[in-house]
Every structure is written in structure tokens, then in C-alpha cells.
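Student: Got a file for you: coords.cif, mmCIF, N, CA and C atoms.
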data_my_file
loop_
_atom_site.group_PDB
_atom_site.id
_atom_site.type_symbol
_atom_site.label_atom_id
_atom_site.label_comp_id
_atom_site.auth_asym_id
_atom_site.auth_seq_id
_atom_site.Cartn_x
_atom_site.Cartn_y
_atom_site.Cartn_z
ATOM 1 N N MET A 1 55.316 -12.438 -2.933
ATOM 2 C CA MET A 1 54.132 -11.892 -3.542
ATOM 3 C C MET A 1 54.044 -12.320 -5.001
ATOM 4 N N SER A 2 52.846 -12.303 -5.505
ATOM 5 C CA SER A 2 52.611 -12.643 -6.899
ATOM 6 C C SER A 2 53.006 -11.469 -7.785
ATOM 7 N N GLN A 3 53.006 -11.718 -9.078
ATOM 8 C CA GLN A 3 53.227 -10.616 -10.021
ATOM 9 C C GLN A 3 52.006 -9.709 -9.948
ATOM 10 N N ALA A 4 52.222 -8.415 -9.813
ATOM 11 C CA ALA A 4 51.117 -7.472 -9.631
ATOM 12 C C ALA A 4 50.268 -7.340 -10.886
ATOM 13 N N PHE A 5 48.975 -7.154 -10.668
ATOM 14 C CA PHE A 5 48.052 -6.814 -11.751
ATOM 15 C C PHE A 5 48.056 -5.304 -11.863
ATOM 16 N N GLU A 6 48.272 -4.794 -13.054
ATOM 17 C CA GLU A 6 48.292 -3.347 -13.282
ATOM 18 C C GLU A 6 46.901 -2.878 -13.704
ATOM 19 N N LEU A 7 46.252 -2.106 -12.859
ATOM 20 C CA LEU A 7 44.968 -1.527 -13.235
ATOM 21 C C LEU A 7 45.185 -0.527 -14.367
ATOM 22 N N PRO A 8 44.214 -0.391 -15.269
ATOM 23 C CA PRO A 8 44.370 0.539 -16.391
ATOM 24 C C PRO A 8 44.243 1.995 -15.953
ATOM 25 N N GLU A 9 44.630 2.895 -16.843
ATOM 26 C CA GLU A 9 44.509 4.331 -16.567
ATOM 27 C C GLU A 9 43.058 4.723 -16.341
ATOM 28 N N GLU A 10 42.170 4.171 -17.155
ATOM 29 C CA GLU A 10 40.755 4.524 -17.077
ATOM 30 C C GLU A 10 39.973 3.384 -16.451
ATOM 31 N N MET A 11 39.397 3.649 -15.306
ATOM 32 C CA MET A 11 38.535 2.672 -14.642
ATOM 33 C C MET A 11 37.144 3.292 -14.525
ATOM 34 N N THR A 12 36.452 3.279 -15.649
ATOM 35 C CA THR A 12 35.122 3.868 -15.707
ATOM 36 C C THR A 12 34.137 2.843 -16.251
ATOM 37 N N ILE A 13 32.903 3.239 -16.348
ATOM 38 C CA ILE A 13 31.874 2.352 -16.863
ATOM 39 C C ILE A 13 32.209 1.876 -18.280
ATOM 40 N N TYR A 14 32.968 2.681 -19.002
ATOM 41 C CA TYR A 14 33.299 2.344 -20.388
ATOM 42 C C TYR A 14 34.328 1.221 -20.490
ATOM 43 N N SER A 15 35.062 0.981 -19.435
ATOM 44 C CA SER A 15 36.086 -0.070 -19.456
ATOM 45 C C SER A 15 35.864 -1.123 -18.374
ATOM 46 N N ALA A 16 34.750 -1.043 -17.663
ATOM 47 C CA ALA A 16 34.523 -1.910 -16.502
ATOM 48 C C ALA A 16 34.492 -3.393 -16.861
ATOM 49 N N VAL A 17 33.795 -3.757 -17.930
ATOM 50 C CA VAL A 17 33.674 -5.174 -18.283
ATOM 51 C C VAL A 17 35.035 -5.733 -18.703
ATOM 52 N N GLU A 18 35.741 -4.991 -19.516
ATOM 53 C CA GLU A 18 37.065 -5.435 -19.972
ATOM 54 C C GLU A 18 38.028 -5.575 -18.782
ATOM 55 N N THR A 19 38.018 -4.604 -17.896
ATOM 56 C CA THR A 19 38.892 -4.653 -16.723
ATOM 57 C C THR A 19 38.494 -5.799 -15.807
ATOM 58 N N ARG A 20 37.205 -5.972 -15.587
ATOM 59 C CA ARG A 20 36.725 -7.074 -14.738
ATOM 60 C C ARG A 20 37.177 -8.426 -15.285
ATOM 61 N N ASP A 21 36.996 -8.633 -16.595
ATOM 62 C CA ASP A 21 37.368 -9.910 -17.195
ATOM 63 C C ASP A 21 38.860 -10.183 -17.048
ATOM 64 N N ALA A 22 39.681 -9.175 -17.312
ATOM 65 C CA ALA A 22 41.135 -9.339 -17.193
ATOM 66 C C ALA A 22 41.537 -9.587 -15.742
ATOM 67 N N LEU A 23 40.929 -8.861 -14.829
ATOM 68 C CA LEU A 23 41.251 -9.000 -13.411
ATOM 69 C C LEU A 23 40.845 -10.371 -12.881
ATOM 70 N N LEU A 24 39.656 -10.842 -13.241
ATOM 71 C CA LEU A 24 39.208 -12.153 -12.773
ATOM 72 C C LEU A 24 40.060 -13.282 -13.346
ATOM 73 N N ALA A 25 40.456 -13.153 -14.602
ATOM 74 C CA ALA A 25 41.334 -14.161 -15.203
ATOM 75 C C ALA A 25 42.673 -14.181 -14.474
ATOM 76 N N TRP A 26 43.195 -13.007 -14.159
ATOM 77 C CA TRP A 26 44.466 -12.912 -13.431
ATOM 78 C C TRP A 26 44.334 -13.509 -12.031
ATOM 79 N N VAL A 27 43.253 -13.180 -11.317
ATOM 80 C CA VAL A 27 43.039 -13.714 -9.973
ATOM 81 C C VAL A 27 42.984 -15.238 -10.023
ATOM 82 N N THR A 28 42.260 -15.784 -10.986
ATOM 83 C CA THR A 28 42.151 -17.236 -11.125
ATOM 84 C C THR A 28 43.517 -17.868 -11.357
ATOM 85 N N ALA A 29 44.288 -17.287 -12.263
ATOM 86 C CA ALA A 29 45.621 -17.824 -12.563
ATOM 87 C C ALA A 29 46.548 -17.722 -11.363
ATOM 88 N N GLN A 30 46.528 -16.607 -10.675
ATOM 89 C CA GLN A 30 47.406 -16.399 -9.525
ATOM 90 C C GLN A 30 47.009 -17.303 -8.361
ATOM 91 N N THR A 31 45.721 -17.484 -8.167
ATOM 92 C CA THR A 31 45.238 -18.326 -7.077
ATOM 93 C C THR A 31 45.640 -19.777 -7.309
ATOM 94 N N ALA A 32 45.591 -20.224 -8.559
ATOM 95 C CA ALA A 32 45.983 -21.594 -8.883
ATOM 96 C C ALA A 32 47.482 -21.800 -8.672
ATOM 97 N N ALA A 33 48.264 -20.751 -8.875
ATOM 98 C CA ALA A 33 49.725 -20.860 -8.799
ATOM 99 C C ALA A 33 50.263 -20.695 -7.377
ATOM 100 N N SER A 34 49.559 -19.953 -6.534
ATOM 101 C CA SER A 34 50.105 -19.639 -5.218
ATOM 102 C C SER A 34 48.999 -19.199 -4.272
ATOM 103 N N SER A 35 49.243 -19.341 -2.999
ATOM 104 C CA SER A 35 48.272 -18.874 -2.006
ATOM 105 C C SER A 35 48.730 -17.581 -1.345
ATOM 106 N N LYS A 36 49.729 -16.949 -1.923
ATOM 107 C CA LYS A 36 50.247 -15.705 -1.353
ATOM 108 C C LYS A 36 49.294 -14.542 -1.612
ATOM 109 N N VAL A 37 49.552 -13.436 -0.947
ATOM 110 C CA VAL A 37 48.743 -12.235 -1.101
ATOM 111 C C VAL A 37 48.883 -11.703 -2.532
ATOM 112 N N LEU A 38 47.749 -11.447 -3.161
ATOM 113 C CA LEU A 38 47.746 -10.888 -4.506
ATOM 114 C C LEU A 38 47.991 -9.390 -4.424
ATOM 115 N N GLU A 39 48.746 -8.877 -5.356
ATOM 116 C CA GLU A 39 49.069 -7.453 -5.375
ATOM 117 C C GLU A 39 48.458 -6.816 -6.616
ATOM 118 N N ILE A 40 47.675 -5.764 -6.393
ATOM 119 C CA ILE A 40 47.024 -5.043 -7.478
ATOM 120 C C ILE A 40 47.539 -3.615 -7.446
ATOM 121 N N SER A 41 48.190 -3.218 -8.537
ATOM 122 C CA SER A 41 48.789 -1.892 -8.607
ATOM 123 C C SER A 41 47.812 -0.890 -9.225
ATOM 124 N N ALA A 42 47.651 0.234 -8.548
ATOM 125 C CA ALA A 42 46.801 1.315 -9.044
ATOM 126 C C ALA A 42 47.638 2.510 -9.492
ATOM 127 N N ALA A 43 48.905 2.271 -9.795
ATOM 128 C CA ALA A 43 49.834 3.355 -10.108
ATOM 129 C C ALA A 43 49.471 4.141 -11.364
ATOM 130 N N LYS A 44 48.724 3.530 -12.275
ATOM 131 C CA LYS A 44 48.397 4.194 -13.543
ATOM 132 C C LYS A 44 46.998 4.806 -13.573
ATOM 133 N N VAL A 45 46.197 4.584 -12.555
ATOM 134 C CA VAL A 45 44.804 5.032 -12.570
ATOM 135 C C VAL A 45 44.739 6.558 -12.548
ATOM 136 N N SER A 46 44.232 7.122 -13.638
ATOM 137 C CA SER A 46 44.102 8.573 -13.704
ATOM 138 C C SER A 46 42.640 9.019 -13.752
ATOM 139 N N GLU A 47 41.753 8.074 -14.045
ATOM 140 C CA GLU A 47 40.330 8.386 -14.115
ATOM 141 C C GLU A 47 39.556 7.193 -13.557
ATOM 142 N N ILE A 48 38.671 7.458 -12.598
ATOM 143 C CA ILE A 48 37.893 6.383 -11.990
ATOM 144 C C ILE A 48 36.525 6.926 -11.606
ATOM 145 N N ASP A 49 35.504 6.106 -11.831
ATOM 146 C CA ASP A 49 34.158 6.502 -11.444
ATOM 147 C C ASP A 49 33.565 5.424 -10.527
ATOM 148 N N GLY A 50 32.289 5.524 -10.253
ATOM 149 C CA GLY A 50 31.640 4.569 -9.367
ATOM 150 C C GLY A 50 31.763 3.126 -9.838
ATOM 151 N N SER A 51 31.724 2.908 -11.141
ATOM 152 C CA SER A 51 31.862 1.548 -11.664
ATOM 153 C C SER A 51 33.246 0.979 -11.380
ATOM 154 N N GLY A 52 34.259 1.791 -11.539
ATOM 155 C CA GLY A 52 35.622 1.348 -11.253
ATOM 156 C C GLY A 52 35.806 1.036 -9.780
ATOM 157 N N LEU A 53 35.247 1.892 -8.930
ATOM 158 C CA LEU A 53 35.335 1.636 -7.485
ATOM 159 C C LEU A 53 34.540 0.396 -7.095
ATOM 160 N N GLN A 54 33.395 0.216 -7.725
ATOM 161 C CA GLN A 54 32.575 -0.954 -7.448
ATOM 162 C C GLN A 54 33.333 -2.234 -7.789
ATOM 163 N N LEU A 55 34.053 -2.203 -8.895
ATOM 164 C CA LEU A 55 34.859 -3.358 -9.295
ATOM 165 C C LEU A 55 35.920 -3.667 -8.236
ATOM 166 N N LEU A 56 36.617 -2.641 -7.763
ATOM 167 C CA LEU A 56 37.637 -2.861 -6.738
ATOM 168 C C LEU A 56 37.036 -3.365 -5.428
ATOM 169 N N VAL A 57 35.948 -2.765 -5.013
ATOM 170 C CA VAL A 57 35.318 -3.162 -3.754
ATOM 171 C C VAL A 57 34.814 -4.603 -3.843
ATOM 172 N N SER A 58 34.374 -5.016 -5.026
ATOM 173 C CA SER A 58 33.872 -6.386 -5.172
ATOM 174 C C SER A 58 34.961 -7.422 -4.899
ATOM 175 N N LEU A 59 36.215 -7.040 -5.014
ATOM 176 C CA LEU A 59 37.310 -7.963 -4.709
ATOM 177 C C LEU A 59 37.328 -8.366 -3.236
ATOM 178 N N SER A 60 36.635 -7.614 -2.416
ATOM 179 C CA SER A 60 36.560 -7.957 -0.999
ATOM 180 C C SER A 60 35.841 -9.285 -0.788
ATOM 181 N N HIS A 61 35.152 -9.777 -1.813
ATOM 182 C CA HIS A 61 34.386 -11.013 -1.707
ATOM 183 C C HIS A 61 35.150 -12.242 -2.198
ATOM 184 N N ILE A 62 36.374 -12.073 -2.657
ATOM 185 C CA ILE A 62 37.143 -13.239 -3.071
ATOM 186 C C ILE A 62 37.824 -13.846 -1.859
ATOM 187 N N ASP A 63 38.094 -15.129 -1.935
ATOM 188 C CA ASP A 63 38.708 -15.821 -0.802
ATOM 189 C C ASP A 63 40.198 -15.532 -0.669
ATOM 190 N N GLN A 64 40.833 -15.190 -1.754
ATOM 191 C CA GLN A 64 42.278 -14.952 -1.771
ATOM 192 C C GLN A 64 42.595 -13.571 -1.174
ATOM 193 N N PRO A 65 43.537 -13.479 -0.240
ATOM 194 C CA PRO A 65 43.911 -12.159 0.280
ATOM 195 C C PRO A 65 44.602 -11.326 -0.805
ATOM 196 N N TRP A 66 44.353 -10.032 -0.784
ATOM 197 C CA TRP A 66 44.948 -9.141 -1.781
ATOM 198 C C TRP A 66 45.210 -7.789 -1.145
ATOM 199 N N LYS A 67 46.052 -7.034 -1.835
ATOM 200 C CA LYS A 67 46.381 -5.691 -1.356
ATOM 201 C C LYS A 67 46.523 -4.773 -2.558
ATOM 202 N N LEU A 68 46.126 -3.529 -2.373
ATOM 203 C CA LEU A 68 46.210 -2.510 -3.411
ATOM 204 C C LEU A 68 47.466 -1.686 -3.171
ATOM 205 N N THR A 69 48.263 -1.493 -4.214
ATOM 206 C CA THR A 69 49.494 -0.728 -4.069
ATOM 207 C C THR A 69 49.453 0.519 -4.937
ATOM 208 N N GLN A 70 50.184 1.498 -4.540
ATOM 209 C CA GLN A 70 50.400 2.741 -5.273
ATOM 210 C C GLN A 70 49.119 3.430 -5.748
ATOM 211 N N PRO A 71 48.161 3.655 -4.851
ATOM 212 C CA PRO A 71 46.951 4.352 -5.285
ATOM 213 C C PRO A 71 47.271 5.789 -5.705
ATOM 214 N N THR A 72 46.749 6.183 -6.832
ATOM 215 C CA THR A 72 46.987 7.527 -7.342
ATOM 216 C C THR A 72 46.081 8.526 -6.626
ATOM 217 N N ASP A 73 46.366 9.801 -6.831
ATOM 218 C CA ASP A 73 45.524 10.843 -6.244
ATOM 219 C C ASP A 73 44.082 10.718 -6.730
ATOM 220 N N ALA A 74 43.899 10.340 -8.009
ATOM 221 C CA ALA A 74 42.543 10.184 -8.552
ATOM 222 C C ALA A 74 41.779 9.112 -7.793
ATOM 223 N N LEU A 75 42.432 7.999 -7.493
ATOM 224 C CA LEU A 75 41.784 6.912 -6.760
ATOM 225 C C LEU A 75 41.527 7.312 -5.315
ATOM 226 N N VAL A 76 42.480 7.929 -4.679
ATOM 227 C CA VAL A 76 42.319 8.375 -3.289
ATOM 228 C C VAL A 76 41.167 9.373 -3.188
ATOM 229 N N GLN A 77 41.113 10.307 -4.118
ATOM 230 C CA GLN A 77 40.050 11.325 -4.101
ATOM 231 C C GLN A 77 38.678 10.702 -4.332
ATOM 232 N N ALA A 78 38.586 9.764 -5.278
ATOM 233 C CA ALA A 78 37.305 9.099 -5.552
ATOM 234 C C ALA A 78 36.839 8.327 -4.329
ATOM 235 N N CYS A 79 37.750 7.636 -3.674
ATOM 236 C CA CYS A 79 37.398 6.900 -2.458
ATOM 237 C C CYS A 79 36.926 7.854 -1.368
ATOM 238 N N ALA A 80 37.614 8.958 -1.208
ATOM 239 C CA ALA A 80 37.226 9.940 -0.192
ATOM 240 C C ALA A 80 35.839 10.512 -0.486
ATOM 241 N N THR A 81 35.576 10.797 -1.746
ATOM 242 C CA THR A 81 34.295 11.368 -2.144
ATOM 243 C C THR A 81 33.137 10.430 -1.828
ATOM 244 N N LEU A 82 33.359 9.137 -2.011
ATOM 245 C CA LEU A 82 32.296 8.162 -1.790
ATOM 246 C C LEU A 82 32.340 7.509 -0.408
ATOM 247 N N GLY A 83 33.152 8.062 0.489
ATOM 248 C CA GLY A 83 33.213 7.543 1.843
ATOM 249 C C GLY A 83 33.948 6.223 1.970
ATOM 250 N N LEU A 84 34.867 5.962 1.057
ATOM 251 C CA LEU A 84 35.627 4.716 1.068
ATOM 252 C C LEU A 84 37.071 4.913 1.528
ATOM 253 N N GLY A 85 37.340 5.992 2.207
ATOM 254 C CA GLY A 85 38.693 6.277 2.672
ATOM 255 C C GLY A 85 39.231 5.207 3.618
ATOM 256 N N ASP A 86 38.389 4.757 4.556
ATOM 257 C CA ASP A 86 38.819 3.711 5.489
ATOM 258 C C ASP A 86 39.041 2.396 4.757
ATOM 259 N N TRP A 87 38.157 2.074 3.812
ATOM 260 C CA TRP A 87 38.311 0.857 3.017
ATOM 261 C C TRP A 87 39.646 0.892 2.259
ATOM 262 N N LEU A 88 39.948 2.020 1.643
ATOM 263 C CA LEU A 88 41.199 2.150 0.903
ATOM 264 C C LEU A 88 42.411 1.962 1.834
ATOM 265 N N ALA A 89 42.330 2.548 3.007
ATOM 266 C CA ALA A 89 43.427 2.405 3.971
ATOM 267 C C ALA A 89 43.632 0.936 4.359
ATOM 268 N N GLU A 90 42.546 0.190 4.522
ATOM 269 C CA GLU A 90 42.652 -1.235 4.835
ATOM 270 C C GLU A 90 43.301 -2.012 3.687
ATOM 271 N N GLN A 91 42.945 -1.662 2.462
ATOM 272 C CA GLN A 91 43.441 -2.409 1.296
ATOM 273 C C GLN A 91 44.907 -2.108 0.987
ATOM 274 N N THR A 92 45.379 -0.961 1.403
ATOM 275 C CA THR A 92 46.765 -0.591 1.112
ATOM 276 C C THR A 92 47.699 -0.857 2.287
ATOM 277 N N ALA A 93 47.139 -1.269 3.424
ATOM 278 C CA ALA A 93 47.969 -1.563 4.604
ATOM 279 C C ALA A 93 48.843 -2.781 4.347
ATOM 280 N N ALA A 94 50.029 -2.738 4.881
ATOM 281 C CA ALA A 94 50.958 -3.869 4.689
ATOM 282 C C ALA A 94 50.568 -5.068 5.501
#
Output the structure of this file as C-alpha cells.
Tutor:
Amino acid sequence: MSQAFELPEEMTIYSAVETRDALLAWVTAQTAASSKVLEISAAKVSEIDGSGLQLLVSLSHIDQPWKLTQPTDALVQACATLGLGDWLAEQTAA
């Protein structure tokens, strides 16, 4: 596996552009270096809103396979609230 990308504590509209830019740069670098599954860690996420979830869901459109690790209760709850529980389960499956 590649070196994991650490999602920030706050994944809200206030940090969406900064997080998106960092995440896309990381995806580009990792994709150029390897074709292995990308690992994105959500271990630090303590606050997330629709913008943060939208950013994560948009990763479903990249060609590189990826997986989300260590989703926090905040992320799990936000996904459940917006009906993304099944999506989250797919992204965290081994």
C-alpha cells in the first residue's frame, strides 16, 4: 500500500478547497509512483459536513483504486445521516 493520506480534523466548507488541493496533489503523486490501492486515513476527522462528504464521494470518480481507513464516529454518523452508510462500508472494506 501507499503512504496514507491523513484527512484533517475539520472537513467542512471552510477547509474544503485546501483539503481538495492537498488530496488531489497526493493522489497524483501516488498514482505516478505506484498502481497500488491508495489509503486515505480518516482517523483524525472530528467535524465533517456535506462539503467534506462531497469531497470524499468525489474520489469515486478517480481511476486509481482507494480505500478509507479508520473512520471516526463523526464520519460514520455523517454518512449515516445522509444515507451514505453503504457507500462508507464499501470504501472501508478490505
Student: Can you tell me how far atom C of A:Ser35 sits from atom CA of A:Ala4, in Å to one decimal?
Tutor: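 Result for atom C of A:Ser35 versus atom CA of A:Ala4: 13.3 Å, one decimal.
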Student: Identify the residues within 12 Å of coordinate (28.4, 10.5, -4.5) (same frame as the file), considering only C-alpha atoms, and give the answer as a compact mmCIF listing (two decimals) with N, CA and C atoms, in the frame of the given file.
Tutor:
# COMPACT_ATOMS: atom_id res chain seq x y z
N ASP A 49 35.50 6.11 -11.83
CA ASP A 49 34.16 6.50 -11.44
C ASP A 49 33.56 5.42 -10.53
N GLY A 50 32.29 5.52 -10.25
CA GLY A 50 31.64 4.57 -9.37
C GLY A 50 31.76 3.13 -9.84
N SER A 51 31.72 2.91 -11.14
CA SER A 51 31.86 1.55 -11.66
C SER A 51 33.25 0.98 -11.38
N LEU A 53 35.25 1.89 -8.93
CA LEU A 53 35.34 1.64 -7.48
C LEU A 53 34.54 0.40 -7.10
N GLN A 77 41.11 10.31 -4.12
CA GLN A 77 40.05 11.32 -4.10
C GLN A 77 38.68 10.70 -4.33
N ALA A 78 38.59 9.76 -5.28
CA ALA A 78 37.30 9.10 -5.55
C ALA A 78 36.84 8.33 -4.33
N CYS A 79 37.75 7.64 -3.67
CA CYS A 79 37.40 6.90 -2.46
C CYS A 79 36.93 7.85 -1.37
N ALA A 80 37.61 8.96 -1.21
CA ALA A 80 37.23 9.94 -0.19
C ALA A 80 35.84 10.51 -0.49
N THR A 81 35.58 10.80 -1.75
CA THR A 81 34.30 11.37 -2.14
C THR A 81 33.14 10.43 -1.83
N LEU A 82 33.36 9.14 -2.01
CA LEU A 82 32.30 8.16 -1.79
C LEU A 82 32.34 7.51 -0.41
N GLY A 83 33.15 8.06 0.49
CA GLY A 83 33.21 7.54 1.84
C GLY A 83 33.95 6.22 1.97
N LEU A 84 34.87 5.96 1.06
CA LEU A 84 35.63 4.72 1.07
C LEU A 84 37.07 4.91 1.53
Student: For a cut-off of 8 Å around (47.0, -11.0, -3.6), file coordinates, pick out all residues using all atoms listed in the file and list them as an NGL selection string.
Tutor: :A and (1-2 or 27 or 30 or 35-40 or 64-68)
Student: Hey, which of A:Ala33, A:Ala89, A:Val45, A:Leu24 ends up closest to A:Met11? Count only C-alpha atoms.
Tutor: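 Under the stated criterion, the closest residue is A:Val45.
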Student: Which residues would end up in the selection if the PyMOL selection byres ((chain A and resi 6-8) around 8) were applied here, given that I need the answer as a PyMOL selection string?
Tutor: chain A and resi 3-5+9-12+19+39-47
Student: Could you please write out, as a ChimeraX atom specification, every residue of chain A that DSSP assigns to helix (DSSP H, G or I)?
Tutor: /A:16-33,50-61,73-81,85-92
Student: As a list of chain:residue names, please: every residue in chain A that a backbone DSSP assignment puts in strand (DSSP E or B).
Tutor: A:Phe5, A:Glu6, A:Glu10, A:Met11, A:Leu38, A:Glu39, A:Ile40, A:Ser41, A:Glu47, A:Ile48, A:Trp66, A:Lys67, A:Leu68, A:Thr69
Student: Keeping only N, CA and C atoms, write the selected residues to a file as a PDB file, in the coordinates of the input.
Tutor:
ATOM      1  N   PHE A   5      48.975  -7.154 -10.668  1.00  0.00           N
ATOM      2  CA  PHE A   5      48.052  -6.814 -11.751  1.00  0.00           C
ATOM      3  C   PHE A   5      48.056  -5.304 -11.863  1.00  0.00           C
ATOM      4  N   GLU A   6      48.272  -4.794 -13.054  1.00  0.00           N
ATOM      5  CA  GLU A   6      48.292  -3.347 -13.282  1.00  0.00           C
ATOM      6  C   GLU A   6      46.901  -2.878 -13.704  1.00  0.00           C
ATOM      7  N   GLU A  10      42.170   4.171 -17.155  1.00  0.00           N
ATOM      8  CA  GLU A  10      40.755   4.524 -17.077  1.00  0.00           C
ATOM      9  C   GLU A  10      39.973   3.384 -16.451  1.00  0.00           C
ATOM     10  N   MET A  11      39.397   3.649 -15.306  1.00  0.00           N
ATOM     11  CA  MET A  11      38.535   2.672 -14.642  1.00  0.00           C
ATOM     12  C   MET A  11      37.144   3.292 -14.525  1.00  0.00           C
ATOM     13  N   LEU A  38      47.749 -11.447  -3.161  1.00  0.00           N
ATOM     14  CA  LEU A  38      47.746 -10.888  -4.506  1.00  0.00           C
ATOM     15  C   LEU A  38      47.991  -9.390  -4.424  1.00  0.00           C
ATOM     16  N   GLU A  39      48.746  -8.877  -5.356  1.00  0.00           N
ATOM     17  CA  GLU A  39      49.069  -7.453  -5.375  1.00  0.00           C
ATOM     18  C   GLU A  39      48.458  -6.816  -6.616  1.00  0.00           C
ATOM     19  N   ILE A  40      47.675  -5.764  -6.393  1.00  0.00           N
ATOM     20  CA  ILE A  40      47.024  -5.043  -7.478  1.00  0.00           C
ATOM     21  C   ILE A  40      47.539  -3.615  -7.446  1.00  0.00           C
ATOM     22  N   SER A  41      48.190  -3.218  -8.537  1.00  0.00           N
ATOM     23  CA  SER A  41      48.789  -1.892  -8.607  1.00  0.00           C
ATOM     24  C   SER A  41      47.812  -0.890  -9.225  1.00  0.00           C
ATOM     25  N   GLU A  47      41.753   8.074 -14.045  1.00  0.00           N
ATOM     26  CA  GLU A  47      40.330   8.386 -14.115  1.00  0.00           C
ATOM     27  C   GLU A  47      39.556   7.193 -13.557  1.00  0.00           C
ATOM     28  N   ILE A  48      38.671   7.458 -12.598  1.00  0.00           N
ATOM     29  CA  ILE A  48      37.893   6.383 -11.990  1.00  0.00           C
ATOM     30  C   ILE A  48      36.525   6.926 -11.606  1.00  0.00           C
ATOM     31  N   TRP A  66      44.353 -10.032  -0.784  1.00  0.00           N
ATOM     32  CA  TRP A  66      44.948  -9.141  -1.781  1.00  0.00           C
ATOM     33  C   TRP A  66      45.210  -7.789  -1.145  1.00  0.00           C
ATOM     34  N   LYS A  67      46.052  -7.034  -1.835  1.00  0.00           N
ATOM     35  CA  LYS A  67      46.381  -5.691  -1.356  1.00  0.00           C
ATOM     36  C   LYS A  67      46.523  -4.773  -2.558  1.00  0.00           C
ATOM     37  N   LEU A  68      46.126  -3.529  -2.373  1.00  0.00           N
ATOM     38  CA  LEU A  68      46.210  -2.510  -3.411  1.00  0.00           C
ATOM     39  C   LEU A  68      47.466  -1.686  -3.171  1.00  0.00           C
ATOM     40  N   THR A  69      48.263  -1.493  -4.214  1.00  0.00           N
ATOM     41  CA  THR A  69      49.494  -0.728  -4.069  1.00  0.00           C
ATOM     42  C   THR A  69      49.453   0.519  -4.937  1.00  0.00           C
TER      43      THR A  69
END
Student: Using only C-alpha atoms for the distances, tell me which of A:Leu55, A:Leu88, A:Asp63, A:Gln70 is nearest to A:Asp21.
Tutor: A:Leu55
Student: As an exercise, work out the distance from atom CA of A:Ala25 to atom CA of A:Val57 in Å and give it to one decimal place.
Tutor: 17.0 Å
Student: Record the distance separating atom CA of A:Thr28 and atom CA of A:Ala74, expressed in Å with one decimal.
Tutor: 27.5 Å
Student: So, with all atoms listed in the file as the atoms that count, which of A:Gly52, A:Trp26, A:Thr72, A:Ala32 lies closest to A:Tyr14?
Tutor: A:Gly52
Student: Could you work out an axis-aligned bounding box for all listed atoms of stretch 8-22 of chain A, with 4 Å added on each of the six sides, and give its centre and edge lengths in Å to one decimal, as JSON?
Tutor:
{"center_x": 38.3, "center_y": -2.7, "center_z": -17.5, "size_x": 20.8, "size_y": 22.9, "size_z": 14.0}
Student: Go through A:Leu59, A:Gln91, A:Asp73, A:Asp86 one by one, measure the shortest atom-to-atom distance of each to A:Leu23 using only C-alpha atoms, and give the residue with the smallest value.
Tutor: A:Leu59
